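Just target07.txt here, compact mmCIF, C-alpha atoms and all ligand atoms:
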# COMPACT_ATOMS: atom_id res chain seq x y z
CA MET A 1385 93.38 63.43 62.37
CA PRO A 1386 94.91 61.99 59.13
CA ALA A 1387 93.04 59.00 57.70
CA ALA A 1388 95.92 56.62 58.41
CA ASP A 1389 95.87 57.61 62.10
CA ALA A 1390 92.11 57.37 62.31
CA ALA A 1391 92.37 53.71 61.28
CA ARG A 1392 94.52 52.92 64.31
CA ILE A 1393 91.36 52.88 66.46
CA SER A 1394 88.22 51.00 65.41
CA ALA A 1395 85.31 52.97 64.03
CA ARG A 1396 83.27 51.55 66.89
CA LEU A 1397 85.44 52.98 69.64
CA ARG A 1398 86.11 56.22 67.82
CA ARG A 1399 82.45 56.95 68.45
CA PHE A 1400 83.03 56.95 72.21
CA ARG A 1401 82.86 60.39 73.79
CA PRO A 1402 84.99 61.32 76.80
CA SER A 1403 82.97 61.59 79.98
CA LEU A 1404 81.37 65.00 80.46
CA THR A 1405 82.27 64.92 84.12
CA LEU A 1406 85.99 64.71 83.35
CA ARG A 1407 86.55 68.47 83.26
CA LEU A 1408 84.76 68.83 86.58
CA LYS A 1409 87.01 66.18 88.09
CA THR A 1410 90.08 68.13 86.93
CA LEU A 1411 88.69 71.34 88.44
CA ALA A 1412 87.92 69.49 91.69
CA ASN A 1413 91.46 68.11 91.87
CA GLU A 1414 92.89 71.59 91.31
CA ARG A 1415 90.83 72.90 94.24
CA ARG A 1416 91.87 70.03 96.44
CA ALA A 1417 95.55 70.63 95.61
CA LYS A 1418 95.14 74.29 96.65
CA GLY A 1419 93.61 73.20 99.97
CA LEU A 1420 90.27 74.87 99.16
CA PRO A 1421 87.05 73.35 100.59
CA LEU A 1422 85.47 70.64 98.47
CA PHE A 1423 82.09 68.93 98.92
CA ASP A 1424 82.03 65.88 96.70
CA PHE A 1425 78.46 65.16 95.63
CA GLY A 1426 79.84 63.83 92.36
CA LEU A 1427 80.88 60.27 92.88
CA GLY A 1428 78.21 57.54 93.11
CA GLU A 1429 79.87 55.32 95.67
CA THR A 1430 79.01 54.15 99.18
CA LYS A 1431 81.44 55.05 101.95
CA GLY A 1432 82.31 53.68 105.39
CA GLU A 1433 83.90 50.41 106.47
CA LEU A 1434 83.81 47.19 104.50
CA ALA A 1435 81.76 44.70 106.58
CA PRO A 1436 84.16 42.36 108.46
CA ARG A 1437 82.38 39.25 107.16
CA ILE A 1438 82.97 40.33 103.55
CA ARG A 1439 86.58 41.27 104.21
CA ASP A 1440 87.32 38.04 106.11
CA ALA A 1441 85.78 35.82 103.43
CA ALA A 1442 87.93 37.45 100.74
CA LYS A 1443 91.06 37.30 102.95
CA ASN A 1444 90.44 33.67 103.83
CA ALA A 1445 90.18 32.85 100.15
CA TYR A 1446 93.72 34.16 99.67
CA ASP A 1447 94.95 32.38 102.80
CA GLU A 1448 93.43 29.11 101.58
CA GLY A 1449 94.98 29.44 98.16
CA ARG A 1450 91.70 29.94 96.31
CA THR A 1451 93.52 31.78 93.59
CA MET A 1452 93.31 29.28 90.78
CA TYR A 1453 90.92 29.27 87.83
CA GLU A 1454 87.39 28.24 88.71
CA ASP A 1455 84.15 27.92 86.76
CA PRO A 1456 84.00 30.83 84.24
CA ALA A 1457 80.31 31.26 85.04
CA GLY A 1458 81.18 32.00 88.67
CA LEU A 1459 81.37 29.89 91.84
CA GLY A 1460 78.47 27.44 92.10
CA GLU A 1461 77.73 28.42 95.73
CA LEU A 1462 77.60 32.08 94.75
CA ARG A 1463 75.26 31.41 91.83
CA ASP A 1464 72.95 29.51 94.20
CA ALA A 1465 73.14 32.37 96.69
CA VAL A 1466 72.24 34.90 93.96
CA VAL A 1467 68.87 33.29 93.22
CA ARG A 1468 68.11 33.24 96.95
CA TRP A 1469 69.23 36.89 97.31
CA LEU A 1470 66.78 37.86 94.58
CA GLY A 1471 64.08 35.54 95.95
CA VAL A 1472 63.77 33.66 92.64
CA GLU A 1473 65.04 30.25 93.68
CA SER A 1474 61.79 28.57 92.65
CA GLN A 1475 62.01 30.02 89.12
CA TYR A 1476 65.73 29.82 88.31
CA GLY A 1477 68.62 27.45 88.96
CA ARG A 1478 72.32 28.21 89.02
CA GLU A 1479 72.56 27.59 85.25
CA CYS A 1480 70.61 30.85 84.81
CA VAL A 1481 73.14 32.91 86.79
CA VAL A 1482 76.35 34.43 85.43
CA VAL A 1483 78.76 36.08 87.87
CA THR A 1484 80.46 39.05 86.24
CA THR A 1485 83.19 41.64 86.79
CA GLY A 1486 80.81 44.27 88.13
CA ALA A 1487 77.30 44.86 86.85
CA LYS A 1488 78.90 46.58 83.86
CA GLN A 1489 80.13 43.32 82.44
CA GLY A 1490 76.67 41.79 82.82
CA LEU A 1491 75.33 44.57 80.60
CA LEU A 1492 77.99 44.13 77.92
CA ASN A 1493 77.65 40.33 78.09
CA LEU A 1494 73.97 40.64 77.32
CA PHE A 1495 74.39 43.17 74.52
CA LEU A 1496 77.03 40.96 72.88
CA ALA A 1497 74.97 37.82 73.40
CA ILE A 1498 71.77 39.09 71.79
CA CYS A 1499 72.68 41.91 69.38
CA ASP A 1500 73.92 41.77 65.83
CA PRO A 1501 75.44 44.84 64.19
CA GLY A 1502 72.74 47.39 63.48
CA ASP A 1503 70.28 46.16 66.13
CA THR A 1504 68.72 48.84 68.32
CA ILE A 1505 69.08 49.01 72.09
CA LEU A 1506 66.40 51.16 73.71
CA MET A 1507 67.04 52.83 77.02
CA GLU A 1508 65.41 55.24 79.38
CA ALA A 1509 64.92 58.93 78.74
CA ALA A 1510 67.72 59.89 81.16
CA PRO A 1511 70.00 56.89 80.74
CA TRP A 1512 72.89 56.10 83.04
CA VAL A 1513 76.16 57.27 81.44
CA SER A 1514 77.60 53.92 80.36
CA TYR A 1515 74.59 52.34 78.63
CA GLN A 1516 75.24 54.13 75.35
CA PRO A 1517 79.00 53.41 75.12
CA LEU A 1518 78.39 49.75 76.00
CA ALA A 1519 75.70 49.49 73.31
CA LEU A 1520 78.11 51.00 70.77
CA ALA A 1521 80.86 48.63 71.87
CA ALA A 1522 78.50 45.76 71.03
CA GLY A 1523 77.94 47.20 67.54
CA ALA A 1524 74.34 48.14 68.32
CA THR A 1525 72.61 51.50 68.03
CA PRO A 1526 71.58 53.03 71.34
CA ARG A 1527 68.41 55.08 71.49
CA ALA A 1528 66.83 56.84 74.46
CA VAL A 1529 63.05 56.48 74.59
CA VAL A 1530 61.25 59.82 74.67
CA ALA A 1531 59.13 59.90 77.83
CA SER A 1532 55.96 61.61 76.63
CA GLY A 1533 54.96 62.42 80.21
CA GLY A 1534 58.07 64.66 80.24
CA GLU A 1535 58.96 66.32 83.45
CA GLU A 1536 55.54 65.50 84.94
CA SER A 1537 56.39 61.81 84.75
CA ARG A 1538 59.93 62.51 85.97
CA PHE A 1539 61.13 61.03 82.67
CA LYS A 1540 59.59 57.64 83.44
CA VAL A 1541 58.99 55.62 80.28
CA SER A 1542 55.42 54.34 79.88
CA ALA A 1543 54.28 51.23 78.01
CA VAL A 1544 52.89 53.51 75.27
CA ASP A 1545 56.24 55.31 74.94
CA LEU A 1546 58.05 52.01 74.69
CA GLU A 1547 55.75 50.54 72.08
CA ARG A 1548 56.01 53.67 69.97
CA GLU A 1549 59.81 53.31 69.89
CA ILE A 1550 59.60 49.60 69.07
CA ASP A 1551 57.38 50.52 66.12
CA GLY A 1552 59.57 53.42 65.05
CA ASN A 1553 62.99 51.78 65.10
CA GLU A 1554 64.71 49.04 63.15
CA ARG A 1555 65.29 45.70 64.86
CA VAL A 1556 64.79 46.62 68.49
CA LYS A 1557 66.39 43.85 70.53
CA VAL A 1558 66.28 45.03 74.12
CA PHE A 1559 64.94 47.74 76.38
CA VAL A 1560 67.26 48.64 79.25
CA LEU A 1561 65.43 49.77 82.36
CA ASN A 1562 67.19 50.87 85.50
CA SER A 1563 65.04 50.94 88.63
CA PRO A 1564 65.67 52.53 91.09
CA VAL A 1565 66.91 54.98 88.47
CA ASN A 1566 70.37 56.48 88.39
CA PRO A 1567 70.23 59.53 87.96
CA THR A 1568 66.61 60.54 88.69
CA SER A 1569 66.18 58.28 91.77
CA GLN A 1570 62.65 57.28 90.76
CA VAL A 1571 61.36 53.74 91.34
CA TYR A 1572 59.06 52.11 88.80
CA ASP A 1573 56.09 50.66 90.68
CA ALA A 1574 54.82 47.12 90.08
CA ARG A 1575 52.05 48.23 87.72
CA GLU A 1576 54.35 50.42 85.59
CA PHE A 1577 56.93 47.69 85.38
CA ALA A 1578 54.38 44.99 84.52
CA ALA A 1579 53.04 47.12 81.66
CA LEU A 1580 56.54 47.56 80.19
CA LEU A 1581 57.28 43.87 80.55
CA GLU A 1582 53.99 42.99 78.87
CA VAL A 1583 54.99 45.07 75.82
CA CYS A 1584 58.41 43.39 75.68
CA VAL A 1585 56.94 39.88 75.90
CA ARG A 1586 54.33 40.59 73.23
CA ARG A 1587 56.86 42.22 70.90
CA HIS A 1588 59.65 39.71 71.56
CA VAL A 1589 62.03 42.34 72.88
CA TYR A 1590 64.23 41.53 75.87
CA LEU A 1591 63.82 43.64 78.98
CA LEU A 1592 67.07 44.16 80.84
CA LEU A 1593 66.26 45.21 84.38
CA ASP A 1594 69.29 46.85 85.99
CA ARG A 1595 68.35 46.67 89.67
CA LEU A 1596 71.73 47.57 91.11
CA TYR A 1597 70.26 49.88 93.80
CA TRP A 1598 67.29 47.70 94.68
CA ARG A 1599 67.94 47.55 98.44
CA ILE A 1600 68.14 51.35 98.65
CA VAL A 1601 64.43 52.17 98.51
CA TYR A 1602 63.00 54.71 100.96
CA ASP A 1603 59.86 55.61 102.91
CA GLY A 1604 59.26 52.10 104.22
CA LYS A 1605 58.67 50.67 100.75
CA SER A 1606 60.16 47.49 99.42
CA TYR A 1607 61.38 46.81 95.91
CA PRO A 1608 58.53 46.06 93.47
CA GLU A 1609 59.57 42.62 92.21
CA PRO A 1610 58.93 41.64 88.58
CA GLU A 1611 56.43 38.86 88.11
CA ILE A 1612 58.18 35.78 86.75
CA THR A 1613 55.81 33.66 84.65
CA PRO A 1614 56.75 31.17 81.90
CA ALA A 1615 56.18 34.00 79.38
CA THR A 1616 58.04 36.80 81.16
CA ARG A 1617 60.91 34.47 82.10
CA GLU A 1618 61.83 34.12 78.42
CA TRP A 1619 62.33 37.85 77.89
CA LEU A 1620 63.54 39.20 81.25
CA ILE A 1621 67.20 39.46 82.26
CA GLN A 1622 68.02 40.96 85.64
CA VAL A 1623 71.40 42.53 86.29
CA ASP A 1624 72.52 43.26 89.83
CA GLY A 1625 75.71 43.28 91.88
CA LEU A 1626 77.70 44.11 94.95
CA SER A 1627 78.62 47.73 94.25
CA LYS A 1628 75.80 49.82 95.70
CA ASN A 1629 73.88 47.93 98.38
CA PHE A 1630 76.90 47.44 100.66
CA ARG A 1631 79.62 49.74 101.93
CA ARG A 1632 82.88 50.09 100.05
CA THR A 1633 82.33 47.18 97.69
CA GLY A 1634 82.48 48.90 94.26
CA GLY A 1635 86.14 48.01 93.78
CA MET A 1636 85.55 44.32 94.47
CA ARG A 1637 84.08 44.26 90.95
CA ILE A 1638 81.36 41.66 91.35
CA GLY A 1639 78.00 41.63 89.59
CA TRP A 1640 75.64 38.97 88.30
CA SER A 1641 72.86 38.39 85.81
CA VAL A 1642 69.84 36.11 86.03
CA GLY A 1643 67.96 35.17 82.89
CA PRO A 1644 66.76 32.32 80.70
CA GLU A 1645 69.06 29.33 80.12
CA ASP A 1646 69.85 29.94 76.43
CA VAL A 1647 70.88 33.57 76.91
CA SER A 1648 72.85 32.76 80.08
CA GLU A 1649 74.66 29.97 78.27
CA ALA A 1650 75.68 32.32 75.45
CA MET A 1651 76.99 34.82 78.01
CA ILE A 1652 78.95 32.11 79.84
CA ASN A 1653 80.50 30.97 76.55
CA LEU A 1654 81.50 34.53 75.84
CA GLN A 1655 83.03 35.22 79.22
CA SER A 1656 84.85 31.87 79.25
CA HIS A 1657 86.90 33.39 76.41
CA TYR A 1658 87.56 36.85 77.77
CA THR A 1659 87.62 36.94 81.58
CA SER A 1660 87.31 33.29 82.68
CA GLY A 1661 85.10 34.67 85.45
CA PRO A 1662 85.76 37.36 88.07
CA ALA A 1663 88.50 37.17 90.72
CA VAL A 1664 87.77 34.23 93.02
CA PRO A 1665 88.54 35.96 96.37
CA SER A 1666 86.12 38.75 95.41
CA GLN A 1667 83.48 36.14 94.65
CA CYS A 1668 84.05 34.63 98.11
CA GLY A 1669 83.52 38.10 99.61
CA ALA A 1670 80.33 38.49 97.57
CA LEU A 1671 79.04 35.14 98.79
CA ALA A 1672 79.48 36.28 102.39
CA ALA A 1673 77.79 39.60 101.59
CA ILE A 1674 74.59 38.19 100.11
CA SER A 1675 74.17 35.13 102.35
CA GLY A 1676 72.17 35.73 105.48
CA ILE A 1677 70.04 38.65 106.49
CA TYR A 1678 70.53 41.99 104.74
CA GLU A 1679 71.27 44.78 107.21
CA THR A 1680 69.22 47.89 106.45
CA GLU A 1681 71.51 50.23 108.35
CA LEU A 1682 73.16 51.60 105.17
CA ARG A 1683 69.76 52.34 103.66
CA ASP A 1684 68.58 54.04 106.86
CA GLU A 1685 71.68 56.22 106.95
CA LEU A 1686 71.19 57.20 103.31
CA GLU A 1687 67.54 57.99 103.93
CA ALA A 1688 68.56 60.31 106.77
CA ASN A 1689 71.00 61.98 104.35
CA ARG A 1690 68.23 62.40 101.81
CA ASN A 1691 66.09 64.04 104.48
CA ARG A 1692 68.88 66.54 105.17
CA ILE A 1693 68.57 67.64 101.54
CA TYR A 1694 64.76 67.80 101.83
CA ALA A 1695 65.21 70.05 104.89
CA VAL A 1696 66.93 72.78 102.79
CA ARG A 1697 64.80 72.42 99.64
CA ASP A 1698 63.07 75.76 100.12
CA ARG A 1699 66.34 77.58 100.69
CA LEU A 1700 67.73 76.23 97.40
CA ALA A 1701 65.28 78.23 95.27
CA PRO A 1702 65.22 78.79 92.31
CA VAL A 1703 66.43 75.18 92.10
CA ARG A 1704 63.72 72.53 92.29
CA VAL A 1705 64.80 69.38 94.12
CA TRP A 1706 62.99 66.20 93.03
CA ASP A 1707 61.84 63.57 95.48
CA SER A 1708 64.34 60.73 95.87
CA GLU A 1709 62.48 57.43 96.12
CA GLY A 1710 65.57 55.25 96.00
CA THR A 1711 69.33 55.18 95.12
CA PHE A 1712 71.49 57.82 96.79
CA TYR A 1713 71.03 60.57 94.24
CA SER A 1714 69.24 63.85 94.39
CA PHE A 1715 68.12 65.27 91.04
CA TRP A 1716 67.94 69.05 90.78
CA ASP A 1717 66.11 71.04 88.13
CA VAL A 1718 68.38 74.06 87.64
CA ARG A 1719 66.76 75.53 84.52
CA ALA A 1720 65.56 78.56 86.48
CA CYS A 1721 69.25 79.48 87.01
CA PHE A 1722 69.81 79.86 83.27
CA GLY A 1723 70.32 83.51 82.40
CA GLY A 1724 71.59 84.21 85.91
CA ARG A 1725 74.85 86.19 86.21
CA THR A 1726 77.54 84.94 88.58
CA PRO A 1727 79.56 87.32 90.81
CA VAL A 1728 82.38 87.20 88.24
CA GLY A 1729 79.99 88.19 85.46
CA LYS A 1730 79.46 84.87 83.68
CA VAL A 1731 75.93 84.17 82.43
CA LEU A 1732 74.82 80.58 83.09
CA ALA A 1733 73.42 78.84 80.02
CA SER A 1734 73.73 75.08 80.59
CA SER A 1735 73.89 72.43 83.30
CA VAL A 1736 77.66 72.24 82.76
CA ASP A 1737 77.84 76.01 83.44
CA VAL A 1738 75.85 75.59 86.67
CA ALA A 1739 78.01 72.64 87.74
CA GLU A 1740 81.20 74.62 87.02
CA TYR A 1741 79.87 77.64 88.91
CA LEU A 1742 79.01 75.53 91.97
CA LEU A 1743 82.44 73.98 91.89
CA ASP A 1744 84.45 77.14 91.24
CA HIS A 1745 82.51 79.37 93.57
CA ALA A 1746 81.44 77.01 96.35
CA GLY A 1747 83.53 73.83 96.04
CA VAL A 1748 80.39 71.78 95.41
CA VAL A 1749 80.99 68.88 92.98
CA THR A 1750 77.93 67.66 91.03
CA ALA A 1751 77.26 65.74 87.80
CA PRO A 1752 75.64 67.80 85.00
CA GLY A 1753 72.39 66.42 83.56
CA SER A 1754 73.74 66.62 80.02
CA ALA A 1755 75.82 63.53 80.88
CA PHE A 1756 72.44 61.76 81.22
CA LEU A 1757 70.93 63.37 78.09
CA GLN A 1758 68.82 65.75 80.17
CA GLU A 1759 70.03 69.31 79.86
CA GLY A 1760 68.90 71.56 82.70
CA TYR A 1761 69.49 69.22 85.64
CA LEU A 1762 72.20 68.23 88.10
CA ARG A 1763 72.69 64.93 89.88
CA LEU A 1764 74.10 64.94 93.40
CA SER A 1765 75.21 61.81 95.25
CA PHE A 1766 74.44 62.00 98.96
CA ALA A 1767 76.43 58.92 100.02
CA MET A 1768 78.66 60.98 102.29
CA ALA A 1769 79.09 62.08 105.91
CA PRO A 1770 76.14 64.13 107.26
CA GLY A 1771 78.43 67.02 108.28
CA GLU A 1772 79.82 67.27 104.75
CA ILE A 1773 76.31 67.23 103.28
CA ASP A 1774 75.17 70.08 105.52
CA ALA A 1775 78.27 72.18 104.82
CA GLY A 1776 78.01 71.48 101.07
CA LEU A 1777 74.32 72.38 100.99
CA ASP A 1778 74.99 75.64 102.84
CA ALA A 1779 77.67 76.46 100.26
CA ALA A 1780 75.24 75.66 97.40
CA VAL A 1781 72.48 77.78 98.97
CA ALA A 1782 74.89 80.72 99.25
CA ALA A 1783 76.08 80.28 95.64
CA PHE A 1784 72.53 80.24 94.23
CA SER A 1785 71.57 83.30 96.26
CA GLU A 1786 74.45 85.24 94.69
CA LEU A 1787 73.17 84.80 91.13
CA ARG A 1788 71.73 87.98 89.63
CA ARG A 1789 69.08 88.12 86.92
CA THR A 1790 70.39 89.47 83.61
CA ALA A 1791 67.10 90.73 82.16
N1 LIG B 1 74.24 50.36 86.43
C1 LIG B 1 74.04 51.52 87.09
C2 LIG B 1 72.71 52.17 87.02
C3 LIG B 1 75.09 52.10 87.82
O1 LIG B 1 74.89 53.25 88.48
C4 LIG B 1 76.36 51.47 87.83
C5 LIG B 1 77.55 52.04 88.58
N2 LIG B 1 77.57 53.37 88.80
C6 LIG B 1 76.51 50.27 87.10
C7 LIG B 1 75.42 49.74 86.44
C8 LIG B 1 77.81 49.55 87.08
O2 LIG B 1 78.06 48.91 88.28
P1 LIG B 1 79.37 48.10 88.64
O3 LIG B 1 80.26 49.04 89.36
O4 LIG B 1 78.90 46.98 89.51
O5 LIG B 1 79.98 47.62 87.38

For this file, produce the structure as structure tokens.
Amino acid sequence: MPAADAARISARLRRFRPSLTLRLKTLANERRAKGLPLFDFGLGETKGELAPRIRDAAKNAYDEGRTMYEDPAGLGELRDAVVRWLGVESQYGRECVVVTTGAKQGLLNLFLAICDPGDTILMEAAPWVSYQPLALAAGATPRAVVASGGEESRFKVSAVDLEREIDGNERVKVFVLNSPVNPTSQVYDAREFAALLEVCVRRHVYLLLDRLYWRIVYDGKSYPEPEITPATREWLIQVDGLSKNFRRTGGMRIGWSVGPEDVSEAMINLQSHYTSGPAVPSQCGALAAISGIYETELRDELEANRNRIYAVRDRLAPVRVWDSEGTFYSFWDVRACFGGRTPVGKVLASSVDVAEYLLDHAGVVTAPGSAFLQEGYLRLSFAMAPGEIDAGLDAAVAAFSELRRTA
């Protein structure tokens, strides 16, 4: 690109990379257009019907003309409901809550509120795909923490790992932790989380806890809540939202953050200038969603789906399927497929190759681990109909069994 053209886009955004899953999406669309079978384990979105109480609250808002500007921080009733939803009403008031356009905006709000150019944003060893671009958009330098426990620890970051990175990097401002983790589906337990938070408090680094999937935790466990003390409260910001714990709510674009007053105020100032708060009818829907008792039926259905994958684990060899403790993702170690020859003679050498083979040969859509900085793995979303899961797994089993060793 000539220099003059390069200057048309900011240096910051020129560093953005197109999503690795884009090519797979194109291939999937081609298959769909040809009427070939397709099993979509790619997209991380809940399915089914929108709950009538959420739909009616949003519809009523339109009917009642609630379509004018409101508080840029979000509706007061919703901000009150958020602290109750998270069970932190004795530690935080509504002034600590910012309602955002999806959880994504909560992340960018925080990065812009606390980072100066050149600050470092630490994130997990297999970070969710948008953390790095959002850090770059805020002018910060993203860096994935190396999990020294490696595969044994399922890429979980320990307090020792975190402190090593704080020591080894310039101006570390924040550590972004997602639990339950997209893509690995691990859940940090209370002790692991407390140790990480202790490091952050002692080193004056913020801990951003992205808890977007916190209601989707399996095996009868409940979400290990962070301990809010006067010390931890200063350094902890929690980001959450509507997209994953309910059915069909991702497009409503509502999220929220809860954190100390000064940081929340900076984020509210920021968003008062660039969104003036999320769409009011969507906020009314969100209020209906998180008020009252949370129905566990979605989680139970997803857990049954997870168990369908567990049931075929042995047949998927040489793939190793990790345990899914939460979220609706299954994480597959496909390194043993590398070097395998497909029926059309291609030798598989990367997670993108394996993902393309599964799609081309079996119609199975997955997300390659390289999108999450972990080469050698695939992520599969199991938020889909049980019949489609079973058919898709059968197709994957058949595809893996057709690989031939090259040496
Ligand atoms: N964090 C994680 C870990 C996610 O998986 C997602 C969505 N896939 C987001 C944040 C963004 O959520 P939202 O759609 O509410 O902006």

Q: Please provide the set of residues having any atom within 10 Å of Arg1699 of chain A, restricted to all atoms listed in the file, with same-chain residues fewer than 5 positions apart removed, written as a PyMOL selection string.
A: chain A and resi 1694+1777-1778+1780-1782+1784-1785

Residues of the last selection are to be written out with C-alpha atoms, as a compact mmCIF listing (two decimals), in the coordinates of the input.
# COMPACT_ATOMS: atom_id res chain seq x y z
CA TYR A 1694 64.76 67.80 101.83
CA LEU A 1777 74.32 72.38 100.99
CA ASP A 1778 74.99 75.64 102.84
CA ALA A 1780 75.24 75.66 97.40
CA VAL A 1781 72.48 77.78 98.97
CA ALA A 1782 74.89 80.72 99.25
CA PHE A 1784 72.53 80.24 94.23
CA SER A 1785 71.57 83.30 96.26

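Of the listed residues (A:Arg1631, A:Leu1764, A:Asp1603, A:Ile1612), A:Asp1603 comes nearest to Asp1684 of chain A; the distances count only C-alpha atoms.
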
Q) Can you tell me how far atom CA of Met1452 of chain A sits from atom CA of Leu1671 of chain A, in Å to one decimal? A) 17.4 Å

Q) Skipping near chain neighbours, those fewer than 3 positions away, what residues fall within 7 Å of segment 1520-1524 of chain A using all atoms listed in the file, listed as an MDAnalysis selection string? A) chainID A and resid 1396:1397 1495:1496 1499:1505 1516:1517

Q: Go through A:Gln1655, A:Leu1518, A:Leu1743, A:Gly1729 one by one, measure the shortest atom-to-atom distance of each to Phe1400 of chain A using only C-alpha atoms, and give the residue with the smallest value.
A: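 Ranked by minimum distance to Phe1400 of chain A, first place goes to A:Leu1518.
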
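Of note, atom CA of Ala1578 of chain A and atom CA of Pro1610 of chain A are spaced 7.0 Å apart.
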
Proximity of chain A to ligand LIG 1 (chain B): per-residue shortest pair, 10 Å limit, all atoms listed in the file, as a tab-separated table:
residue	atom	partner	partner_atom	distance
A:Leu1427	CA	B:LIG1	N2	8.7
A:Gly1428	CA	B:LIG1	N2	6.0
A:Glu1429	CA	B:LIG1	N2	7.5
A:Thr1484	CA	B:LIG1	O5	8.7
A:Thr1485	CA	B:LIG1	O5	6.8
A:Gly1486	CA	B:LIG1	O5	3.5
A:Ala1487	CA	B:LIG1	O4	3.8
A:Lys1488	CA	B:LIG1	O5	3.8
A:Gln1489	CA	B:LIG1	O5	6.6
A:Gly1490	CA	B:LIG1	O5	8.1
A:Leu1491	CA	B:LIG1	C7	7.8
A:Pro1511	CA	B:LIG1	C2	8.3
A:Trp1512	CA	B:LIG1	C2	5.6
A:Val1513	CA	B:LIG1	O1	8.2
A:Ser1514	CA	B:LIG1	C7	7.7
A:Tyr1515	CA	B:LIG1	N1	8.1
A:Leu1561	CA	B:LIG1	C2	9.0
A:Asn1562	CA	B:LIG1	C2	5.9
A:Ser1563	CA	B:LIG1	C2	7.9
A:Pro1564	CA	B:LIG1	C2	8.1
A:Val1565	CA	B:LIG1	C2	6.6
A:Asn1566	CA	B:LIG1	C2	5.1
A:Pro1567	CA	B:LIG1	C2	7.8
A:Leu1593	CA	B:LIG1	N1	9.7
A:Asp1594	CA	B:LIG1	N1	6.1
A:Arg1595	CA	B:LIG1	C2	7.5
A:Leu1596	CA	B:LIG1	N1	6.0
A:Tyr1597	CA	B:LIG1	C2	7.6
A:Val1623	CA	B:LIG1	C7	8.3
A:Asp1624	CA	B:LIG1	O4	7.4
A:Gly1625	CA	B:LIG1	O4	5.4
A:Leu1626	CA	B:LIG1	O4	6.3
A:Ser1627	CA	B:LIG1	O4	4.8
A:Lys1628	CA	B:LIG1	O4	7.5
A:Thr1633	CA	B:LIG1	O3	8.8
A:Gly1634	CA	B:LIG1	O3	5.4
A:Gly1635	CA	B:LIG1	O3	7.4
A:Met1636	CA	B:LIG1	O4	8.7
A:Arg1637	CA	B:LIG1	O4	6.0
A:Ile1638	CA	B:LIG1	O4	6.1
A:Gly1639	CA	B:LIG1	O4	5.4
A:Trp1640	CA	B:LIG1	O4	8.7
A:Thr1711	CA	B:LIG1	O1	8.9

Q | Counting all atoms listed in the file, the option among A:Ser1394, A:Ser1403, A:Lys1409, A:Ala1663 closest to Val1483 of chain A | A | A:Ala1663

Q.
Given the point (80.4, 34.8, 100.3) in the file's coordinates, find the residues that have an atom at most 10 Å from it, counting only C-alpha atoms, and give them as a list in words.
A.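 Residues with an atom close enough to that point: Arg1437, Ile1438, Arg1439, Asp1440, Ala1441, Ala1442, Ala1445, Leu1459, Glu1461, Leu1462, Ala1465, Pro1665, Ser1666, Gln1667, Cys1668, Gly1669, Ala1670, Leu1671, Ala1672, Ala1673, Ile1674, Ser1675 and Gly1676 of chain A.
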
Q. Restricting the calculation to all atoms listed in the file, which member of A:Arg1398, A:Phe1766, A:Thr1726, A:Phe1756 is positioned closest to Thr1790 of chain A?
A.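 Among the listed residues, the smallest separation from Thr1790 of chain A belongs to A:Thr1726.
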
Q.
Please determine, counting all atoms listed in the file, which residue among A:Asp1707, A:Leu1580, A:Leu1420, A:Pro1752 has the shortest atom-to-atom distance to Arg1407 of chain A.
A. A:Pro1752

**Q.** Shell of 12 Å around Arg1788 of chain A, only C-alpha atoms, local chain residues under 5 positions omitted, as a count of residues only
**A.** 15

Put a box with edges along x, y and z around all the listed atoms of segment 1659-1675 of chain A, pad it by 6 Å on each side, then give me its centre and sizes in Å, one decimal, as lines of an AutoDock Vina configuration file.
center_x = 81.4
center_y = 36.4
center_z = 92.0
size_x = 26.4
size_y = 18.3
size_z = 32.8

Q.
When you look at Gly1661 of chain A with a cut-off of 6 Å (counting only C-alpha atoms), what residues show up, excluding the ones that are within fewer than 5 positions of it in the same chain? I need them as an NGL selection string.
A. :A and (1456-1458)

**Q.** Residues within 10 Å of (82.5, 64.6, 96.5), counting only C-alpha atoms, listed as a VMD selection string
**A.** chain A and resid 1409 1412 1422 to 1429 1747 to 1750 1764 to 1768 1772 to 1773 1776

Q | For Gly1710 of chain A: contacts at 9 Å, all atoms listed in the file, fewer than 2 positions along chain excluded, given as a ChimeraX atom specification | A | /A:1563-1565,1569-1571,1597-1603,1687,1708,1712-1713

Next, dump the selected residues to file, keeping only C-alpha atoms, as a PDB file, in the coordinates of the input.
ATOM      1  CA  SER A1563      65.040  50.940  88.630  1.00  0.00           C
ATOM      2  CA  PRO A1564      65.670  52.530  91.090  1.00  0.00           C
ATOM      3  CA  VAL A1565      66.910  54.980  88.470  1.00  0.00           C
ATOM      4  CA  SER A1569      66.180  58.280  91.770  1.00  0.00           C
ATOM      5  CA  GLN A1570      62.650  57.280  90.760  1.00  0.00           C
ATOM      6  CA  VAL A1571      61.360  53.740  91.340  1.00  0.00           C
ATOM      7  CA  TYR A1597      70.260  49.880  93.800  1.00  0.00           C
ATOM      8  CA  TRP A1598      67.290  47.700  94.680  1.00  0.00           C
ATOM      9  CA  ARG A1599      67.940  47.550  98.440  1.00  0.00           C
ATOM     10  CA  ILE A1600      68.140  51.350  98.650  1.00  0.00           C
ATOM     11  CA  VAL A1601      64.430  52.170  98.510  1.00  0.00           C
ATOM     12  CA  TYR A1602      63.000  54.710 100.960  1.00  0.00           C
ATOM     13  CA  ASP A1603      59.860  55.610 102.910  1.00  0.00           C
ATOM     14  CA  GLU A1687      67.540  57.990 103.930  1.00  0.00           C
ATOM     15  CA  SER A1708      64.340  60.730  95.870  1.00  0.00           C
ATOM     16  CA  PHE A1712      71.490  57.820  96.790  1.00  0.00           C
ATOM     17  CA  TYR A1713      71.030  60.570  94.240  1.00  0.00           C
TER      18      TYR A1713
END
